[in-house]
>>> print(open('protein_21.txt').read())   # compact mmCIF, C-alpha atoms
# COMPACT_ATOMS: atom_id res chain seq x y z
CA MET R 1 107.43 76.76 56.69
CA THR R 2 108.30 77.48 60.30
CA THR R 3 111.85 78.27 61.28
CA LEU R 4 112.86 76.39 64.39
CA PRO R 5 114.33 78.40 67.26
CA ALA R 6 118.10 78.45 67.18
CA ARG R 7 118.54 79.54 70.78
CA ARG R 8 116.44 79.42 73.91
CA VAL R 9 116.71 82.05 76.60
CA ALA R 10 115.18 81.79 80.05
CA VAL R 11 114.83 84.63 82.54
CA ARG R 12 113.33 85.12 85.97
CA ILE R 13 111.81 88.55 86.50
CA LEU R 14 109.99 89.75 89.63
CA GLY R 15 109.33 86.18 90.63
CA SER R 16 108.02 84.95 87.27
CA ARG R 17 109.88 82.64 84.91
CA PHE R 18 109.87 83.20 81.16
CA ALA R 19 111.36 81.27 78.27
CA ALA R 20 111.64 82.24 74.63
CA GLY R 21 113.03 80.61 71.51
CA PHE R 22 114.85 82.85 69.07
CA THR R 23 115.36 81.97 65.42
CA ASP R 24 118.05 84.63 65.24
CA ALA R 25 121.10 83.73 67.31
CA ASP R 26 122.22 87.37 67.41
CA ALA R 27 118.90 88.34 68.92
CA ALA R 28 119.31 85.66 71.58
CA SER R 29 122.82 86.88 72.38
CA ALA R 30 121.63 90.47 72.66
CA VAL R 31 118.79 89.41 74.98
CA GLU R 32 121.19 87.44 77.16
CA ARG R 33 123.44 90.47 77.45
CA LEU R 34 120.67 92.98 78.12
CA TRP R 35 118.80 90.76 80.60
CA GLN R 36 121.99 89.26 82.04
CA ARG R 37 120.90 89.98 85.59
CA PHE R 38 117.69 88.04 85.07
CA VAL R 39 119.00 84.97 83.23
CA ASP R 40 117.49 81.87 84.81
CA LEU R 41 119.80 78.90 85.19
CA GLU R 42 117.24 76.64 86.82
CA PRO R 43 114.96 74.12 85.04
CA LEU R 44 112.32 75.69 82.84
CA ALA R 45 109.36 73.45 83.51
CA SER R 46 107.24 76.21 85.02
CA ALA R 47 108.28 79.02 82.70
CA HIS R 48 105.79 81.13 80.77
CA VAL R 49 106.55 80.87 77.06
CA VAL R 50 107.02 84.18 75.28
CA GLU R 51 106.08 83.93 71.61
CA ILE R 52 108.86 85.48 69.57
CA GLY R 53 108.23 84.26 66.03
CA ASP R 54 110.38 84.93 63.01
CA GLY R 55 111.64 88.17 61.58
CA PRO R 56 114.60 90.48 61.97
CA ALA R 57 116.64 90.33 65.15
CA ALA R 58 115.43 93.78 66.21
CA ASP R 59 111.80 92.65 66.03
CA GLN R 60 112.51 89.49 68.00
CA ILE R 61 114.23 91.46 70.77
CA SER R 62 111.39 93.96 70.81
CA ARG R 63 108.77 91.21 71.16
CA PHE R 64 110.73 89.66 74.00
CA ALA R 65 111.08 92.99 75.79
CA THR R 66 107.41 93.82 75.48
CA GLY R 67 106.21 90.33 76.34
CA VAL R 68 108.22 89.77 79.50
CA ASN R 69 107.74 93.29 80.82
CA ALA R 70 103.96 93.27 80.65
CA ALA R 71 103.62 89.74 81.97
CA ALA R 72 106.15 90.17 84.78
CA LEU R 73 104.56 93.35 86.09
CA ASP R 74 101.06 91.94 85.88
CA ALA R 75 102.07 88.87 87.84
CA ALA R 76 104.41 90.59 90.27
CA PRO R 77 103.60 89.63 93.88
CA MET R 78 104.51 93.14 95.00
CA PHE R 79 103.01 96.62 94.60
CA ALA R 80 104.28 97.85 91.22
CA VAL R 81 104.00 101.47 90.13
CA HIS R 82 104.87 102.98 86.76
CA ALA R 83 108.02 104.96 87.63
CA GLY R 84 111.65 105.55 86.95
CA VAL R 85 113.80 104.80 89.99
CA VAL R 86 117.42 105.68 90.71
CA ALA R 87 119.51 105.52 93.85
CA ARG R 88 122.52 107.08 95.47
CA GLY R 89 124.19 105.94 98.65
CA GLY R 90 121.34 103.63 99.57
CA ILE R 91 118.69 106.34 99.08
CA ALA R 92 116.19 105.72 96.29
CA ILE R 93 114.34 108.35 94.30
CA ALA R 94 111.15 107.30 92.55
CA MET R 95 109.77 109.31 89.65
CA PRO R 96 106.23 108.08 89.03
CA ALA R 97 104.88 108.98 85.60
CA THR R 98 102.89 107.58 82.74
CA SER R 99 104.42 106.44 79.49
CA GLY R 100 105.55 109.24 77.22
CA THR R 101 106.37 111.74 79.96
CA GLY R 102 110.10 111.25 79.62
CA LYS R 103 110.81 109.20 82.72
CA SER R 104 113.12 106.81 80.88
CA THR R 105 115.04 109.71 79.36
CA LEU R 106 115.35 111.37 82.76
CA THR R 107 116.33 108.06 84.35
CA ALA R 108 119.07 107.65 81.74
CA ALA R 109 120.26 111.22 82.34
CA CYS R 110 120.39 110.46 86.07
CA LEU R 111 122.55 107.41 85.38
CA ARG R 112 124.90 109.55 83.30
CA ARG R 113 125.01 111.98 86.22
CA GLY R 114 126.16 109.26 88.60
CA PHE R 115 123.04 107.72 90.11
CA ASP R 116 122.73 103.93 90.33
CA TYR R 117 120.00 102.19 88.38
CA VAL R 118 116.89 100.63 89.90
CA SER R 119 114.39 100.76 87.02
CA ASP R 120 113.15 102.90 84.16
CA GLU R 121 109.76 101.22 84.31
CA ALA R 122 108.51 100.29 87.74
CA LEU R 123 108.86 101.00 91.43
CA CYS R 124 108.27 97.56 92.97
CA LEU R 125 107.58 97.44 96.70
CA HIS R 126 107.20 94.32 98.78
CA TYR R 127 104.15 93.88 100.98
CA PRO R 128 103.82 94.83 103.77
CA GLY R 129 107.03 96.67 104.61
CA GLY R 130 107.68 98.49 101.35
CA GLU R 131 111.19 97.21 100.67
CA ILE R 132 112.23 97.98 97.10
CA GLU R 133 112.62 95.09 94.67
CA PRO R 134 114.93 96.36 91.91
CA TYR R 135 113.66 95.92 88.38
CA PRO R 136 116.66 96.96 86.28
CA ARG R 137 115.26 95.93 82.93
CA PRO R 138 117.12 97.26 79.88
CA ILE R 139 116.50 100.98 79.58
CA ALA R 140 114.27 101.65 76.60
CA LEU R 141 114.91 104.93 74.80
CA SER R 142 113.81 106.30 71.47
CA ARG R 143 116.67 107.39 69.24
CA TRP R 144 115.88 111.00 70.16
CA SER R 145 115.79 110.17 73.84
CA ALA R 146 119.00 108.18 73.59
CA ARG R 147 120.80 111.10 71.99
CA THR R 148 119.29 113.48 74.54
CA ALA R 149 120.13 111.32 77.53
CA THR R 150 123.63 110.45 76.43
CA ARG R 151 124.36 113.77 74.64
CA SER R 152 126.11 111.60 72.05
CA LEU R 153 125.71 107.96 71.16
CA ASP R 154 129.40 107.76 70.28
CA GLY R 155 131.01 105.08 72.38
CA VAL R 156 127.70 104.05 73.95
CA ASP R 157 126.63 100.48 73.36
CA GLY R 158 122.98 99.87 72.76
CA VAL R 159 120.72 97.47 70.95
CA PRO R 160 118.29 98.79 68.33
CA THR R 161 114.80 97.30 68.43
CA GLY R 162 112.84 99.16 65.82
CA GLU R 163 111.48 102.29 67.46
CA GLU R 164 113.65 102.04 70.55
CA TRP R 165 117.17 101.31 71.65
CA LEU R 166 117.89 99.20 74.70
CA PHE R 167 120.73 99.92 77.12
CA THR R 168 122.05 98.37 80.27
CA ALA R 169 123.06 100.64 83.12
CA ALA R 170 126.67 99.80 82.31
CA ASP R 171 126.13 100.94 78.70
CA LEU R 172 125.29 104.36 80.13
CA GLY R 173 128.25 104.40 82.48
CA SER R 174 126.29 103.45 85.58
CA ARG R 175 125.56 100.29 87.50
CA ASP R 176 122.62 98.42 89.00
CA ALA R 177 121.79 99.62 92.49
CA GLY R 178 121.06 96.14 93.79
CA GLY R 179 118.75 95.60 96.73
CA GLY R 180 118.47 97.46 99.97
CA ALA R 181 117.93 101.03 98.79
CA ALA R 182 115.34 102.88 100.89
CA LEU R 183 112.72 105.05 99.22
CA ARG R 184 113.19 108.56 100.56
CA HIS R 185 112.05 110.77 97.69
CA ILE R 186 109.07 110.68 95.38
CA VAL R 187 109.41 113.11 92.51
CA VAL R 188 106.34 113.86 90.42
CA LEU R 189 107.41 114.86 86.92
CA GLU R 190 106.12 117.84 84.98
CA ARG R 191 107.97 118.15 81.73
CA HIS R 192 107.72 121.22 79.56
CA VAL R 193 108.55 120.75 75.92
CA ASP R 194 109.23 123.58 73.51
CA ASP R 195 107.76 122.29 70.29
CA GLY R 196 110.77 120.66 68.70
CA ALA R 197 113.27 122.99 70.26
CA ALA R 198 116.49 121.67 71.65
CA PRO R 199 115.81 120.12 75.04
CA ASP R 200 118.41 122.24 76.77
CA SER R 201 117.07 125.53 75.45
CA GLY R 202 114.34 125.83 78.06
CA GLN R 203 114.16 127.29 81.48
CA ALA R 204 116.03 125.95 84.47
CA PRO R 205 114.41 123.02 86.24
CA GLU R 206 112.51 123.67 89.46
CA LEU R 207 111.98 121.35 92.40
CA ASP R 208 109.15 122.18 94.81
CA ALA R 209 107.88 120.32 97.85
CA LEU R 210 104.39 118.86 97.40
CA PRO R 211 101.81 117.79 99.98
CA ARG R 212 102.51 114.16 100.73
CA PRO R 213 98.93 112.91 100.76
CA ASP R 214 98.65 113.66 97.05
CA ALA R 215 101.47 111.20 96.37
CA VAL R 216 99.43 108.32 97.78
CA THR R 217 96.83 108.90 95.11
CA THR R 218 99.55 109.24 92.47
CA LEU R 219 101.11 105.89 93.39
CA LEU R 220 97.75 104.13 93.36
CA ARG R 221 96.71 105.74 90.08
CA LEU R 222 99.95 104.71 88.38
CA SER R 223 100.07 101.20 89.80
CA PHE R 224 100.13 98.24 87.47
CA ASN R 225 98.56 95.84 89.91
CA HIS R 226 96.93 97.53 92.91
CA TYR R 227 93.69 95.77 91.97
CA ARG R 228 95.16 92.47 93.09
CA ARG R 229 95.45 93.56 96.74
CA PRO R 230 93.64 96.91 96.89
CA ALA R 231 93.41 97.26 100.65
CA ASP R 232 97.06 96.31 101.10
CA ALA R 233 98.02 98.65 98.25
CA VAL R 234 96.38 101.63 99.95
CA GLN R 235 98.17 100.88 103.21
CA LEU R 236 101.51 100.29 101.54
CA ALA R 237 101.28 103.43 99.41
CA ALA R 238 100.50 105.47 102.52
CA LYS R 239 103.31 103.81 104.44
CA VAL R 240 106.02 104.56 101.90
CA VAL R 241 104.79 108.10 101.30
CA ALA R 242 104.81 108.75 105.04
CA GLY R 243 108.50 107.83 105.05
CA ALA R 244 109.43 109.96 102.06
CA SER R 245 109.63 113.54 100.89
CA VAL R 246 107.45 114.42 97.92
CA TRP R 247 108.51 116.83 95.20
CA ARG R 248 107.35 118.25 91.92
CA LEU R 249 110.07 118.50 89.27
CA HIS R 250 109.28 120.93 86.49
CA TYR R 251 111.88 120.50 83.78
CA GLY R 252 112.76 120.50 80.12
CA ASP R 253 116.37 119.45 79.88
CA PRO R 254 116.83 116.03 81.50
CA HIS R 255 120.53 116.70 82.20
CA ALA R 256 119.77 119.89 84.10
CA ALA R 257 117.04 118.01 85.96
CA ALA R 258 119.44 115.19 86.84
CA ASP R 259 121.95 117.76 88.12
CA LEU R 260 119.27 119.35 90.26
CA LEU R 261 118.20 116.00 91.72
CA TRP R 262 121.81 115.13 92.41
CA THR R 263 122.45 118.37 94.23
CA ALA R 264 119.16 119.20 95.92
CA LEU R 265 118.12 115.76 97.11
CA SER R 266 121.57 114.75 98.20
CA GLU R 267 121.74 117.86 100.35
CA SER R 268 118.33 117.18 101.82
CA ASP R 269 119.53 113.74 102.93
CA ARG R 270 122.52 115.11 104.86
CA MET F 1 75.97 98.01 101.59
CA ASN F 2 74.23 101.28 100.91
CA SER F 3 76.45 103.37 98.64
CA SER F 4 73.71 105.32 96.91
CA ASN F 5 72.68 108.86 97.70
CA PRO F 6 71.18 109.20 101.21
CA PRO F 7 67.65 110.55 101.79
CA ASP F 8 67.28 114.29 101.35
CA ASP F 9 66.75 114.85 105.06
CA TRP F 10 69.89 112.99 106.11
CA PRO F 11 71.84 113.60 108.29
CA MET F 12 69.52 114.63 111.09
CA ALA F 13 70.92 117.05 113.63
CA ALA F 14 70.21 114.98 116.71
CA LEU F 15 71.27 111.54 115.52
CA PRO F 16 74.73 110.05 115.96
CA ILE F 17 76.83 109.84 112.81
CA GLY F 18 78.57 106.54 112.18
CA PRO F 19 80.33 104.37 113.04
CA PRO F 20 81.70 103.42 109.62
CA PRO F 21 80.83 99.97 108.31
CA ALA F 22 83.23 97.15 109.07
CA GLY F 23 85.84 96.23 106.52
CA LEU F 24 87.09 99.66 105.49
CA THR F 25 90.85 100.01 105.16
CA MET F 26 92.14 103.35 106.37
CA ALA F 27 95.58 104.88 106.09
CA GLU F 28 96.58 108.33 107.28
CA VAL F 29 99.34 110.55 105.92
CA ASP F 30 99.87 114.02 107.33
CA ALA F 31 96.37 114.14 108.83
CA CYS F 32 94.69 113.09 105.59
CA PHE F 33 92.88 109.78 105.26
CA HIS F 34 92.94 107.37 102.36
CA ILE F 35 90.12 104.88 102.63
CA PHE F 36 89.52 101.72 100.64
CA ASN F 37 85.96 100.45 100.63
CA PRO F 38 85.83 96.77 99.65
CA ALA F 39 82.10 96.98 99.02
CA THR F 40 82.49 99.53 96.25
CA HIS F 41 86.09 98.56 95.42
CA CYS F 42 87.01 102.25 95.49
CA ALA F 43 89.84 104.09 97.20
CA ILE F 44 88.94 107.58 98.38
CA ALA F 45 91.37 110.33 99.33
CA LEU F 46 90.13 112.87 101.86
CA ASN F 47 91.60 116.31 102.24
CA GLU F 48 92.47 117.59 105.69
CA THR F 49 89.06 119.15 106.33
CA ALA F 50 87.14 116.08 105.26
CA SER F 51 89.53 113.98 107.34
CA ASN F 52 88.66 116.06 110.39
CA VAL F 53 84.98 115.38 109.76
CA TRP F 54 85.71 111.67 109.24
CA ARG F 55 87.54 111.43 112.55
CA LEU F 56 84.34 112.39 114.34
CA CYS F 57 82.12 109.86 112.56
CA THR F 58 82.53 107.28 115.29
CA GLY F 59 78.91 106.86 116.25
CA GLU F 60 79.50 108.86 119.43
CA PHE F 61 78.65 112.30 118.12
CA THR F 62 75.60 113.85 116.53
CA LEU F 63 75.71 116.17 113.58
CA ASP F 64 75.31 119.16 115.87
CA GLU F 65 78.19 117.98 118.03
CA ILE F 66 80.40 117.39 115.00
CA VAL F 67 79.61 120.82 113.61
CA GLY F 68 80.22 122.37 117.00
CA SER F 69 83.55 120.64 117.41
CA LEU F 70 84.75 121.66 113.96
CA ALA F 71 83.52 125.22 114.43
CA GLU F 72 85.60 125.45 117.57
CA HIS F 73 88.62 123.89 115.84
CA TYR F 74 88.46 126.28 112.90
CA ASP F 75 87.31 129.22 115.02
CA VAL F 76 84.19 129.90 112.97
CA GLN F 77 80.45 130.05 113.61
CA ALA F 78 78.71 126.68 113.57
CA CYS F 79 76.00 127.98 111.26
CA ASP F 80 78.66 128.96 108.73
CA ILE F 81 80.03 125.44 108.33
CA ASP F 82 76.90 123.39 108.94
CA PRO F 83 76.01 123.13 105.23
CA GLN F 84 79.55 122.06 104.27
CA VAL F 85 79.70 119.44 107.00
CA ARG F 86 76.32 118.06 105.91
CA ALA F 87 77.58 117.92 102.32
CA VAL F 88 80.71 116.05 103.35
CA LEU F 89 78.70 113.57 105.40
CA ARG F 90 76.29 113.01 102.54
CA ASP F 91 79.27 112.39 100.29
CA PHE F 92 80.63 109.86 102.77
CA ALA F 93 77.26 108.13 102.75
CA ALA F 94 77.07 108.18 98.97
CA GLN F 95 80.51 106.53 98.86
CA GLY F 96 79.38 103.83 101.26
CA LEU F 97 81.64 105.10 104.05
CA LEU F 98 78.66 105.71 106.31
CA LEU F 99 75.54 103.61 106.47
CA VAL F 100 72.12 105.22 106.40
CA THR F 101 69.69 102.71 107.76
CA PRO F 102 66.01 102.89 106.70
CA GLY F 103 64.01 105.14 108.97
CA GLU F 104 67.05 107.03 110.16
CA SER F 105 65.70 110.33 109.05
CA LEU F 106 62.71 112.47 109.92
CA ASP F 107 60.80 109.76 111.78
CA ALA F 108 63.73 109.07 114.03
CA ASP F 109 64.12 112.73 114.84
CA ILE F 110 60.42 113.07 115.65
CA ARG F 111 60.64 110.11 118.02
CA ARG F 112 63.10 112.05 120.06
>>> encode(input="protein_21.txt", output="structure tokens")
Amino acid sequence: MTTLPARRVAVRILGSRFAAGFTDADAASAVERLWQRFVDLEPLASAHVVEIGDGPAADQISRFATGVNAAALDAAPMFAVHAGVVARGGIAIAMPATSGTGKSTLTAACLRRGFDYVSDEALCLHYPGGEIEPYPRPIALSRWSARTATRSLDGVDGVPTGEEWLFTAADLGSRDAGGGAALRHIVVLERHVDDGAAPDSGQAPELDALPRPDAVTTLLRLSFNHYRRPADAVQLAAKVVAGASVWRLHYGDPHAAADLLWTALSESDR
Amino acid sequence: MNSSNPPDDWPMAALPIGPPPAGLTMAEVDACFHIFNPATHCAIALNETASNVWRLCTGEFTLDEIVGSLAEHYDVQACDIDPQVRAVLRDFAAQGLLLVTPGESLDADIRR
């Protein structure tokens, strides 16, 4: 027997419309809160349907998060690169990295430090000028990452979804950056991990300038969708890199790294 | 589009190198080129030295002239960099960034 959806939620993300039916009303409410910025109030005729199915609320939220993220980035009409992105005073810092390198944890630590939120998943740049399209999806952190990024989960709202917890920027004491931030820094992440040791037991983070041409290759290599417009992607990647400073951040403790980014990059922008 | 390895005797010293085939997309950051070749669907990043070689592959200069120009730029003997420049050019050809037309090898050099 199939359980009929109790609530329908529609969102518009990076130009694509999605709709999903939830059998668990609590799951639908959590999704509406977490994706509040993306909730679509227009007719749903052209929406992609995200299959949610039955099961616990946490599983339904997780399936929604996974489904809309992958589909939205694949269909995005802009150049999308796997990266955490934060902003301060209209200046954006992109931290391109693959999954599992701690970019979401560092992004969350940056929000706790005072940066505004652009995305923990993708740097999205419009063709041909390179303007940033914010993608402030809910920040996805493992329980360990959530504790690391927030130091304590006490008083921090978040939604459990099996392996991960989801947070809005406001949950972490920050806010969405909105549009208009200019990409001025590209920070390539190198994280050192001391096998199971406390994350703040390691050495101090280091920030070194890198040759900018290397960053073009990094952006292309970590792009979700450069294959759709490869020639334009090469030109756009080169354009944004030419307007930015490129750094290598070697770090262990995300809070110390966030402090360093706050201090060092803010000073470089003065 | 020829994107396979060029003949062993290519490039010849007295023949012009280039120009690149039409349709390449080129972007330059800090004197380094990034080139997308639609024929091979590959993006290629050149370091600064290779970019300096690439800049001279306009069809106006021969291998000897390119080597001479780079030797002057880097303040070295031409004979010291000739093998590296040939290797870079052969790599360009293998990537489809330079076309090697049939007969553009020993025969062409003899004709001169």
>>> residues_around(input="protein_21.txt", residues="Phe61 (chain F)", least_positions_apart="2", cutoff="6 Å", atoms="all atoms listed in the file", output="ChimeraX atom specification")
/F:16,59,65
>>> atom_distance(input="protein_21.txt", atom1="CA of Pro7 (chain F)", atom2="CA of Arg90 (chain F)")
9.0 Å
>>> closest_residue(input="protein_21.txt", among="F:Val67, F:Ser4, F:Trp10, F:His34", to="chain R", atoms="all atoms listed in the file")
F:His34
>>> closest_residue(input="protein_21.txt", among="F:Ile81, F:Ile66, F:Ala71, F:Ile35", to="chain R", atoms="all atoms listed in the file")
F:Ile35
>>> interface_residues(input="protein_21.txt", of="chain F", to="chain R", cutoff="6 Å", atoms="only C-alpha atoms", output="list in words")
Thr25, Ala27, Val29 and Phe36 of chain F
>>> atom_distance(input="protein_21.txt", atom1="CA of Ala122 (chain R)", atom2="CA of Ala92 (chain R)")
12.7 Å
>>> residues_near_point(input="protein_21.txt", point="(115.6, 85.3, 86.2)", cutoff="10 Å", atoms="all atoms listed in the file", output="PyMOL selection string")
chain R and resi 10-19+35-42
>>> residues_around(input="protein_21.txt", residues="Glu133 (chain R)", least_positions_apart="3", cutoff="8 Å", atoms="all atoms listed in the file", output="VMD selection string")
chain R and resid 14 123 to 126 179
>>> write_last_selection(input="protein_21.txt", atoms="C-alpha atoms", output="tab-separated table (two decimals), keeping the file's coordinate frame")
chain	number	residue	atom	x	y	z
R	14	LEU	CA	109.99	89.75	89.63
R	123	LEU	CA	108.86	101.00	91.43
R	124	CYS	CA	108.27	97.56	92.97
R	125	LEU	CA	107.58	97.44	96.70
R	126	HIS	CA	107.20	94.32	98.78
R	179	GLY	CA	118.75	95.60	96.73
>>> atom_distance(input="protein_21.txt", atom1="CA of Ser51 (chain F)", atom2="CA of Ala31 (chain F)")
7.0 Å
>>> closest_residue(input="protein_21.txt", among="F:Thr58, F:Ala78, F:Asp30, F:Leu24", to="Cys42 (chain F)", atoms="only C-alpha atoms")
F:Leu24
>>> closest_residue(input="protein_21.txt", among="R:Ile139, R:Ile93, R:Ala264, R:Ala76", to="Thr168 (chain R)", atoms="all atoms listed in the file")
R:Ile139
>>> residues_around(input="protein_21.txt", residues="Leu89 (chain F)", least_positions_apart="5", cutoff="10 Å", atoms="all atoms listed in the file", output="ChimeraX atom specification")
/F:6,10-11,17-18,50,53-54,57,63,83-84,94-95,97-98
>>> write_last_selection(input="protein_21.txt", atoms="C-alpha atoms", output="PDB file, in the coordinates of the input")
ATOM      1  CA  PRO F   6      71.180 109.200 101.210  1.00  0.00           C
ATOM      2  CA  TRP F  10      69.890 112.990 106.110  1.00  0.00           C
ATOM      3  CA  PRO F  11      71.840 113.600 108.290  1.00  0.00           C
ATOM      4  CA  ILE F  17      76.830 109.840 112.810  1.00  0.00           C
ATOM      5  CA  GLY F  18      78.570 106.540 112.180  1.00  0.00           C
ATOM      6  CA  ALA F  50      87.140 116.080 105.260  1.00  0.00           C
ATOM      7  CA  VAL F  53      84.980 115.380 109.760  1.00  0.00           C
ATOM      8  CA  TRP F  54      85.710 111.670 109.240  1.00  0.00           C
ATOM      9  CA  CYS F  57      82.120 109.860 112.560  1.00  0.00           C
ATOM     10  CA  LEU F  63      75.710 116.170 113.580  1.00  0.00           C
ATOM     11  CA  PRO F  83      76.010 123.130 105.230  1.00  0.00           C
ATOM     12  CA  GLN F  84      79.550 122.060 104.270  1.00  0.00           C
ATOM     13  CA  ALA F  94      77.070 108.180  98.970  1.00  0.00           C
ATOM     14  CA  GLN F  95      80.510 106.530  98.860  1.00  0.00           C
ATOM     15  CA  LEU F  97      81.640 105.100 104.050  1.00  0.00           C
ATOM     16  CA  LEU F  98      78.660 105.710 106.310  1.00  0.00           C
TER      17      LEU F  98
END
>>> closest_residue(input="protein_21.txt", among="R:Leu260, R:Ala72, R:Ile52, R:Met78", to="Arg229 (chain R)", atoms="only C-alpha atoms")
R:Met78
>>> closest_residue(input="protein_21.txt", among="R:Gly84, R:Pro96, R:Gly21, R:Gly55", to="Leu219 (chain R)", atoms="only C-alpha atoms")
R:Pro96
>>> residues_near_point(input="protein_21.txt", point="(82.6, 98.9, 97.0)", cutoff="9 Å", atoms="all atoms listed in the file", output="PDB file with C-alpha atoms, keeping the file's coordinate frame")
ATOM      1  CA  MET F   1      75.970  98.010 101.590  1.00  0.00           C
ATOM      2  CA  SER F   3      76.450 103.370  98.640  1.00  0.00           C
ATOM      3  CA  PHE F  36      89.520 101.720 100.640  1.00  0.00           C
ATOM      4  CA  ASN F  37      85.960 100.450 100.630  1.00  0.00           C
ATOM      5  CA  PRO F  38      85.830  96.770  99.650  1.00  0.00           C
ATOM      6  CA  ALA F  39      82.100  96.980  99.020  1.00  0.00           C
ATOM      7  CA  THR F  40      82.490  99.530  96.250  1.00  0.00           C
ATOM      8  CA  HIS F  41      86.090  98.560  95.420  1.00  0.00           C
ATOM      9  CA  CYS F  42      87.010 102.250  95.490  1.00  0.00           C
ATOM     10  CA  ALA F  43      89.840 104.090  97.200  1.00  0.00           C
ATOM     11  CA  GLN F  95      80.510 106.530  98.860  1.00  0.00           C
ATOM     12  CA  GLY F  96      79.380 103.830 101.260  1.00  0.00           C
TER      13      GLY F  96
END
>>> decode(input="protein_21.txt", residues="region 10-25 of chain F", atoms="N, CA and C atoms", output="compact mmCIF listing (two decimals), in the first residue's frame")
# COMPACT_ATOMS: atom_id res chain seq x y z
N TRP F 10 59.41 15.94 -37.83
CA TRP F 10 58.73 17.22 -37.67
C TRP F 10 59.03 17.78 -36.27
N PRO F 11 59.24 19.06 -36.11
CA PRO F 11 59.18 20.12 -37.12
C PRO F 11 60.52 20.30 -37.84
N MET F 12 60.45 20.72 -39.06
CA MET F 12 61.66 20.99 -39.83
C MET F 12 62.13 22.42 -39.54
N ALA F 13 63.45 22.56 -39.53
CA ALA F 13 64.04 23.84 -39.10
C ALA F 13 63.61 25.02 -39.95
N ALA F 14 63.44 24.79 -41.25
CA ALA F 14 63.25 25.94 -42.14
C ALA F 14 61.78 26.23 -42.45
N LEU F 15 60.88 25.45 -41.91
CA LEU F 15 59.46 25.65 -42.23
C LEU F 15 58.76 26.47 -41.17
N PRO F 16 57.82 27.30 -41.58
CA PRO F 16 57.05 28.07 -40.58
C PRO F 16 56.23 27.13 -39.69
N ILE F 17 56.07 27.54 -38.46
CA ILE F 17 55.29 26.77 -37.49
C ILE F 17 53.96 27.47 -37.27
N GLY F 18 52.88 26.75 -37.48
CA GLY F 18 51.56 27.33 -37.32
C GLY F 18 51.05 27.87 -38.64
N PRO F 19 49.96 28.66 -38.62
CA PRO F 19 49.23 29.10 -37.43
C PRO F 19 48.38 27.97 -36.85
N PRO F 20 47.86 28.18 -35.65
CA PRO F 20 47.00 27.16 -35.04
C PRO F 20 45.73 26.99 -35.87
N PRO F 21 45.09 25.84 -35.77
CA PRO F 21 43.83 25.64 -36.49
C PRO F 21 42.75 26.58 -35.96
N ALA F 22 41.78 26.85 -36.80
CA ALA F 22 40.68 27.71 -36.36
C ALA F 22 39.85 26.99 -35.30
N GLY F 23 39.21 27.78 -34.48
CA GLY F 23 38.26 27.21 -33.52
C GLY F 23 38.80 27.01 -32.12
N LEU F 24 40.12 27.20 -31.92
CA LEU F 24 40.66 27.06 -30.57
C LEU F 24 40.18 28.23 -29.71
N THR F 25 39.90 27.94 -28.45
CA THR F 25 39.59 29.01 -27.50
C THR F 25 40.80 29.20 -26.60
